[in-house]
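Colleague: To start, I am sharing the structure in question, which I have written as structure tokens.
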Amino acid sequence: MLLAETTRPQSPGRGLFQAPGLLIVDDDAVTREGLAILLRQEGYTVVTAANGREALARLGDGVRPGLILLDVMMPELDGCEVLKRLRTDSGLATTPVLLVTAPSADEEWARGLGVVGVVHKPIDMARLLEAVRRHC
């Protein structure tokens, strides 16, 4: 099971995460797994999801990340719909979300969605790590 492989034992207040935890949601496997490797090397606990439905299932299973890295354009359930559902769940409504998306995404539009920031693809790793450190 992916969840068991990518998380540490449960600790109070962090759901299934012991170290600062991240949920990476991106339909592009290379991006998703590349970010997971980088962030694990930085000491973060990481859970991944290939689309919005999978992300919501992980959250429904008790994953409580300190930050969600969320792609916008995905099959099955896009990032905007994931955000909408997160904000209606009292246990997840305040979870910070950082959009990781195409360069055409306007930062003002994204902040209107209630996210903490935007990192455009192709990803500037230094900027991403700075944002993760700031919000997780």
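Going by the structure tokens order, chains are called A, B, ..., each with residues numbered from 1, while ligands are numbered from 1 in the order shown.
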Can you tell me, as a PDB file with C-alpha atoms, in the first residue's frame, which residues in chain A count as strand (DSSP E) by DSSP?

Modeller:
ATOM      1  CA  GLY A  21       4.220  16.231   5.949  1.00  0.00           C
ATOM      2  CA  LEU A  22       3.313  17.018   2.381  1.00  0.00           C
ATOM      3  CA  LEU A  23       0.687  15.713   0.010  1.00  0.00           C
ATOM      4  CA  ILE A  24       1.767  16.066  -3.625  1.00  0.00           C
ATOM      5  CA  VAL A  25      -1.109  15.899  -6.118  1.00  0.00           C
ATOM      6  CA  THR A  45       7.386  13.001   4.895  1.00  0.00           C
ATOM      7  CA  VAL A  46       5.583  12.747   1.565  1.00  0.00           C
ATOM      8  CA  VAL A  47       2.401  11.112   0.323  1.00  0.00           C
ATOM      9  CA  THR A  48       1.519  11.344  -3.367  1.00  0.00           C
ATOM     10  CA  ALA A  49      -1.671  11.220  -5.385  1.00  0.00           C
ATOM     11  CA  LEU A  67       0.942  21.514   3.149  1.00  0.00           C
ATOM     12  CA  ILE A  68      -0.635  20.274  -0.081  1.00  0.00           C
ATOM     13  CA  LEU A  69       1.170  20.803  -3.395  1.00  0.00           C
ATOM     14  CA  LEU A  70      -1.658  20.775  -5.911  1.00  0.00           C
ATOM     15  CA  VAL A  97      -2.338  24.652  -0.404  1.00  0.00           C
ATOM     16  CA  LEU A  98       0.419  25.653  -2.816  1.00  0.00           C
ATOM     17  CA  LEU A  99      -0.537  25.429  -6.490  1.00  0.00           C
ATOM     18  CA  VAL A 100       2.088  23.878  -8.743  1.00  0.00           C
ATOM     19  CA  THR A 101       0.804  24.633 -12.197  1.00  0.00           C
ATOM     20  CA  GLY A 117       1.025  30.673  -3.297  1.00  0.00           C
ATOM     21  CA  VAL A 118       1.797  29.478  -6.794  1.00  0.00           C
ATOM     22  CA  VAL A 119       4.864  27.781  -8.241  1.00  0.00           C
ATOM     23  CA  HIS A 120       4.840  27.634 -12.023  1.00  0.00           C
TER      24      HIS A 120
END

Colleague: I need the residues in region 14-135 of chain A that are alpha helix (DSSP H) according to DSSP; give them as a ChimeraX atom specification.

Modeller: /A:29-41,52-60,79-87,107-112,125-135

Colleague: Any idea what the distance is between CA of Pro103 (chain A) and CA of Lys121 (chain A)?

Modeller: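 If I compute the distance from CA of Pro103 (chain A) to CA of Lys121 (chain A), I get 5.9 Å.
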
Colleague: Near Asp78 (chain A), counting only C-alpha atoms, which residues have an atom at most 10 Å away, once you skip same-chain residues fewer than 2 positions from it, shown as number ranges by chain?

Modeller: A: 25-27, 51-53, 70-76, 80-83

Colleague: Using only C-alpha atoms, please write the residues we just selected to a file, as a short mmCIF file (atom, residue, chain, number, x, y, z; two decimals), in the first residue's frame.

Modeller:
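See again_26.cif below for the written result:
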data_model
loop_
_atom_site.label_atom_id
_atom_site.label_comp_id
_atom_site.auth_asym_id
_atom_site.auth_seq_id
_atom_site.Cartn_x
_atom_site.Cartn_y
_atom_site.Cartn_z
CA VAL A 25 -1.11 15.90 -6.12
CA ASP A 26 -0.08 15.85 -9.78
CA ASP A 27 -1.15 13.68 -12.71
CA ASN A 51 -5.29 13.01 -9.32
CA GLY A 52 -7.85 14.82 -7.22
CA ARG A 53 -9.94 11.76 -6.44
CA LEU A 70 -1.66 20.77 -5.91
CA ASP A 71 -1.66 20.73 -9.70
CA VAL A 72 -4.65 22.50 -11.28
CA MET A 73 -5.21 20.65 -14.55
CA MET A 74 -5.75 16.95 -13.87
CA PRO A 75 -8.09 14.25 -15.16
CA GLU A 76 -11.00 12.93 -13.09
CA CYS A 80 -10.06 23.74 -8.36
CA GLU A 81 -12.62 21.09 -7.42
CA VAL A 82 -10.22 19.60 -4.86
CA LEU A 83 -9.82 23.06 -3.31
#

Colleague: Which residues, written as a PyMOL selection string, have at least one atom at most 10 Å from Met125 (chain A), with only C-alpha atoms counted and residues fewer than 5 positions away on the same chain left out?

Modeller: chain A and resi 35+38+119+130-131

Colleague: Let me see the file: selected residues, C-alpha atoms, as a PDB file, in the first residue's frame.

Modeller:
ATOM      1  CA  LEU A  35       9.111  16.343  -6.202  1.00  0.00           C
ATOM      2  CA  LEU A  38      13.531  16.017  -3.598  1.00  0.00           C
ATOM      3  CA  VAL A 119       4.864  27.781  -8.241  1.00  0.00           C
ATOM      4  CA  GLU A 130      11.422  28.251  -0.024  1.00  0.00           C
ATOM      5  CA  ALA A 131       7.614  28.103  -0.232  1.00  0.00           C
TER       6      ALA A 131
END
